[in-house]
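**Student:** Pasting a structure below so you can have a look.
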Amino acid sequence: MYDFTAFAHVATWVSLLTLTLMEIVLGIDNIIFISITVNRLDPAEQARGRTIGLLLALLFRVGLLLSISWIVSLRTALFTVNVPSVIDHFGVSGRDLILLGGGLFLMYKSTSEIHSKLQGEDDELPEGGGYARLPAIIAQIIVIDIVFSFDSILTAVGLVDNVLVMIAAVIVAMGIMLAFSGAVASFVNRNPTIKMLALSFLIMIGFMLVMEAAHKEVEKGYLYFAMAFSLLVELLNMRLRKKGKVVVLHDSTSD
């Protein structure tokens, strides 16, 4: 049975707060992917698509938390790969296959979105149609939700040993992300350079997943620092561009 008395301890609440913040940080990737993906839906369905995507992510994460023993078993090698002078008895587990498939899909999807953006295909959608269908978008979201859920749950298991605390943190974090997902999506889609930067981030995350599948651990702190620094630089550029427009407008009206 689950230990509900754990919530009576201060340490438990500290763990809950820490894990909630960690889940929000890890969930930003998911929000960005969902926001960019549902942008291909009819505008009237985009909010619904985001909500369904995040609720599915919540269900996957809670479900995985309730089956932690199965998650741990995914680390067991299913088969080994041995290539003389190249690979020496490399054990491939279920987790490796999930991370590899998810990483490659994320890299492919992000690259395709960048290609579409550069070709101007997003701007060619007719007003009355040409949008993606909701089931197709939800299917893509499900694939990435599964991969991101594994990453999130493995982090939770490493920080907290109480399943109820993990579930509470996931629910709180997902509620916060659901509340701000619309604002994040609007900001990303309203600024083309931010959208391109977000897609580049997703490619980096996909590559990181592939490296983890190859048992090459990548320090996530470095990755998130690079992402935060790049975002800060772009926000400064946006401020300068906006200031330049104001200056130009002022000069034109003063003549």
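Note on naming: chains are A, B, ... as they come in the structure tokens, residues start from 1 per chain, ligands start from 1 in the order shown.
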Show me, as number ranges by chain, the residues that have an atom within 10 Å of Ser149 of chain A when counting only C-alpha atoms, minus same-chain residues fewer than 5 positions from it.

**Tutor:** A: 23, 26-27, 30, 57-65, 144, 154-155

**Student:** Excluding segment 224-238 of chain A and its own-chain neighbours fewer than 4 positions away, which residues fall within 7 Å of it when counting only C-alpha atoms? Please give them as a PDB file with C-alpha atoms, in the first residue's frame.

**Tutor:**
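Below is the file that was written, result.pdb:
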```
ATOM      1  CA  PHE A 201      16.355  22.863 -29.442  1.00  0.00           C
ATOM      2  CA  LYS A 220      21.570  17.788 -19.377  1.00  0.00           C
ATOM      3  CA  LYS A 242      11.362  46.318 -31.714  1.00  0.00           C
TER       4      LYS A 242
END
```

**Student:** Show which residues sit within 9 Å of segment 41-52 of chain A, as an mmCIF file with N, CA and C atoms, in the first residue's frame. Count only C-alpha atoms, and ignore same-chain residues fewer than 5 positions away.

**Tutor:**
```cif
data_model
loop_
_atom_site.group_PDB
_atom_site.id
_atom_site.type_symbol
_atom_site.label_atom_id
_atom_site.label_comp_id
_atom_site.auth_asym_id
_atom_site.auth_seq_id
_atom_site.Cartn_x
_atom_site.Cartn_y
_atom_site.Cartn_z
ATOM 1 N N ILE A 31 5.993 20.800 -24.186
ATOM 2 C CA ILE A 31 5.103 21.913 -24.540
ATOM 3 C C ILE A 31 5.500 22.503 -25.892
ATOM 4 N N ILE A 34 4.488 20.080 -28.690
ATOM 5 C CA ILE A 34 3.029 20.089 -28.873
ATOM 6 C C ILE A 34 2.574 21.393 -29.509
ATOM 7 N N SER A 35 3.128 22.517 -29.064
ATOM 8 C CA SER A 35 2.724 23.822 -29.596
ATOM 9 C C SER A 35 3.008 23.924 -31.088
ATOM 10 N N ALA A 57 -0.045 13.219 -21.850
ATOM 11 C CA ALA A 57 1.262 13.169 -21.190
ATOM 12 C C ALA A 57 1.093 12.872 -19.702
ATOM 13 N N GLY A 129 -9.171 25.188 -45.671
ATOM 14 C CA GLY A 129 -8.755 23.797 -45.576
ATOM 15 C C GLY A 129 -7.259 23.662 -45.666
ATOM 16 N N GLY A 130 -6.802 22.412 -45.884
ATOM 17 C CA GLY A 130 -5.382 22.156 -45.985
ATOM 18 C C GLY A 130 -4.719 21.925 -44.646
ATOM 19 N N TYR A 131 -5.508 21.951 -43.568
ATOM 20 C CA TYR A 131 -4.942 21.746 -42.245
ATOM 21 C C TYR A 131 -4.843 20.250 -41.951
ATOM 22 N N ALA A 132 -3.971 19.917 -41.007
ATOM 23 C CA ALA A 132 -3.810 18.529 -40.601
ATOM 24 C C ALA A 132 -5.036 18.076 -39.807
ATOM 25 N N ARG A 133 -5.246 16.772 -39.782
ATOM 26 C CA ARG A 133 -6.374 16.224 -39.030
ATOM 27 C C ARG A 133 -5.955 15.986 -37.585
ATOM 28 N N LEU A 134 -6.881 16.198 -36.668
ATOM 29 C CA LEU A 134 -6.598 16.077 -35.249
ATOM 30 C C LEU A 134 -6.071 14.684 -34.863
ATOM 31 N N ILE A 137 -2.360 14.396 -35.679
ATOM 32 C CA ILE A 137 -1.529 15.201 -34.786
ATOM 33 C C ILE A 137 -1.441 14.544 -33.412
ATOM 34 N N ILE A 138 -2.558 14.019 -32.914
ATOM 35 C CA ILE A 138 -2.564 13.353 -31.612
ATOM 36 C C ILE A 138 -1.654 12.133 -31.632
ATOM 37 N N LEU A 178 -0.306 23.157 -18.309
ATOM 38 C CA LEU A 178 -1.571 23.272 -19.034
ATOM 39 C C LEU A 178 -2.097 24.699 -18.980
ATOM 40 N N SER A 181 0.289 26.748 -21.345
ATOM 41 C CA SER A 181 0.607 26.209 -22.671
ATOM 42 C C SER A 181 0.109 27.114 -23.790
ATOM 43 N N GLY A 182 -1.066 27.724 -23.592
ATOM 44 C CA GLY A 182 -1.601 28.616 -24.615
ATOM 45 C C GLY A 182 -0.719 29.830 -24.828
ATOM 46 N N ALA A 185 2.508 28.706 -26.590
ATOM 47 C CA ALA A 185 2.247 28.426 -28.001
ATOM 48 C C ALA A 185 2.062 29.718 -28.786
#
```

**Student:** Could you tell me which of A:Leu66, A:Leu223, A:Ile32, A:Val170 comes closest to Ala198 of chain A if we count only C-alpha atoms?

**Tutor:**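 Under the stated criterion, the closest residue is A:Ile32.
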
**Student:** Compile the contact shell of Phe105 of chain A as a PyMOL selection string: residues with an atom at most 8 Å away, counting only C-alpha atoms, same-chain residues fewer than 4 positions apart removed.

**Tutor:** chain A and resi 101+109+206

**Student:** Could you give me the residues within segment 199-231 of chain A that DSSP places in helix (DSSP H, G or I), as a list in words?

**Tutor:** Leu199, Ser200, Phe201, Leu202, Ile203, Met204, Ile205, Gly206, Phe207, Met208, Leu209, Val210, Met211, Glu212, Ala213, Lys220, Gly221, Tyr222, Leu223, Tyr224, Phe225, Ala226, Met227, Ala228, Phe229, Ser230 and Leu231 of chain A

**Student:** Could you turn the residues from that selection into a file that holds N, CA and C atoms, as a short mmCIF file (atom, residue, chain, number, x, y, z; two decimals), in the first residue's frame?

**Tutor:**
```
data_model
loop_
_atom_site.label_atom_id
_atom_site.label_comp_id
_atom_site.auth_asym_id
_atom_site.auth_seq_id
_atom_site.Cartn_x
_atom_site.Cartn_y
_atom_site.Cartn_z
N LEU A 199 12.70 24.76 -32.60
CA LEU A 199 12.90 23.57 -33.42
C LEU A 199 14.35 23.09 -33.35
N SER A 200 15.28 24.02 -33.30
CA SER A 200 16.69 23.65 -33.14
C SER A 200 16.93 22.99 -31.79
N PHE A 201 16.25 23.49 -30.76
CA PHE A 201 16.36 22.86 -29.44
C PHE A 201 15.86 21.41 -29.49
N LEU A 202 14.75 21.21 -30.19
CA LEU A 202 14.18 19.86 -30.27
C LEU A 202 15.12 18.91 -31.00
N ILE A 203 15.84 19.42 -32.00
CA ILE A 203 16.83 18.59 -32.69
C ILE A 203 17.94 18.19 -31.71
N MET A 204 18.38 19.14 -30.89
CA MET A 204 19.40 18.85 -29.89
C MET A 204 18.91 17.81 -28.89
N ILE A 205 17.66 17.94 -28.47
CA ILE A 205 17.10 16.98 -27.52
C ILE A 205 16.98 15.60 -28.15
N GLY A 206 16.57 15.57 -29.43
CA GLY A 206 16.50 14.29 -30.14
C GLY A 206 17.86 13.63 -30.23
N PHE A 207 18.88 14.42 -30.52
CA PHE A 207 20.25 13.89 -30.59
C PHE A 207 20.69 13.37 -29.22
N MET A 208 20.32 14.10 -28.16
CA MET A 208 20.66 13.66 -26.81
C MET A 208 20.01 12.30 -26.49
N LEU A 209 18.77 12.11 -26.92
CA LEU A 209 18.08 10.84 -26.70
C LEU A 209 18.78 9.70 -27.44
N VAL A 210 19.23 9.99 -28.66
CA VAL A 210 19.96 8.97 -29.43
C VAL A 210 21.26 8.62 -28.74
N MET A 211 21.96 9.62 -28.21
CA MET A 211 23.22 9.37 -27.50
C MET A 211 22.97 8.54 -26.25
N GLU A 212 21.89 8.82 -25.54
CA GLU A 212 21.57 8.04 -24.35
C GLU A 212 21.23 6.60 -24.72
N ALA A 213 20.60 6.41 -25.87
CA ALA A 213 20.31 5.05 -26.34
C ALA A 213 21.61 4.30 -26.64
N LYS A 220 22.71 16.97 -18.97
CA LYS A 220 21.57 17.79 -19.38
C LYS A 220 21.71 19.24 -18.92
N GLY A 221 22.45 19.45 -17.85
CA GLY A 221 22.65 20.82 -17.38
C GLY A 221 23.31 21.69 -18.43
N TYR A 222 24.30 21.13 -19.14
CA TYR A 222 24.96 21.88 -20.21
C TYR A 222 23.99 22.19 -21.35
N LEU A 223 23.16 21.20 -21.67
CA LEU A 223 22.20 21.37 -22.76
C LEU A 223 21.19 22.47 -22.42
N TYR A 224 20.63 22.43 -21.22
CA TYR A 224 19.63 23.41 -20.84
C TYR A 224 20.25 24.80 -20.67
N PHE A 225 21.51 24.85 -20.25
CA PHE A 225 22.19 26.15 -20.16
C PHE A 225 22.36 26.75 -21.54
N ALA A 226 22.77 25.93 -22.51
CA ALA A 226 22.93 26.41 -23.89
C ALA A 226 21.60 26.90 -24.45
N MET A 227 20.52 26.18 -24.14
CA MET A 227 19.20 26.58 -24.62
C MET A 227 18.77 27.89 -23.97
N ALA A 228 18.98 28.01 -22.66
CA ALA A 228 18.60 29.24 -21.96
C ALA A 228 19.41 30.44 -22.46
N PHE A 229 20.72 30.23 -22.70
CA PHE A 229 21.58 31.31 -23.19
C PHE A 229 21.15 31.75 -24.58
N SER A 230 20.86 30.79 -25.45
CA SER A 230 20.43 31.11 -26.81
C SER A 230 19.10 31.87 -26.80
N LEU A 231 18.19 31.44 -25.91
CA LEU A 231 16.91 32.12 -25.80
C LEU A 231 17.08 33.55 -25.30
#
```

**Student:** Listing only residues of segment 24-79 of chain A within 8 Å of segment 90-93 of chain A, what is the closest atom pair and its distance in Å (to one decimal) for each, using only C-alpha atoms, sorted by chain and residue number ascending, as JSON lines?

**Tutor:**
```
{"residue": "A:Leu74", "atom": "CA", "partner": "A:Ser93", "partner_atom": "CA", "distance": 6.1}
{"residue": "A:Arg75", "atom": "CA", "partner": "A:Ser93", "partner_atom": "CA", "distance": 5.5}
{"residue": "A:Thr76", "atom": "CA", "partner": "A:Ser93", "partner_atom": "CA", "distance": 5.5}
{"residue": "A:Ala77", "atom": "CA", "partner": "A:Ser93", "partner_atom": "CA", "distance": 4.1}
{"residue": "A:Leu78", "atom": "CA", "partner": "A:Ser93", "partner_atom": "CA", "distance": 5.1}
{"residue": "A:Phe79", "atom": "CA", "partner": "A:Val92", "partner_atom": "CA", "distance": 5.6}
```
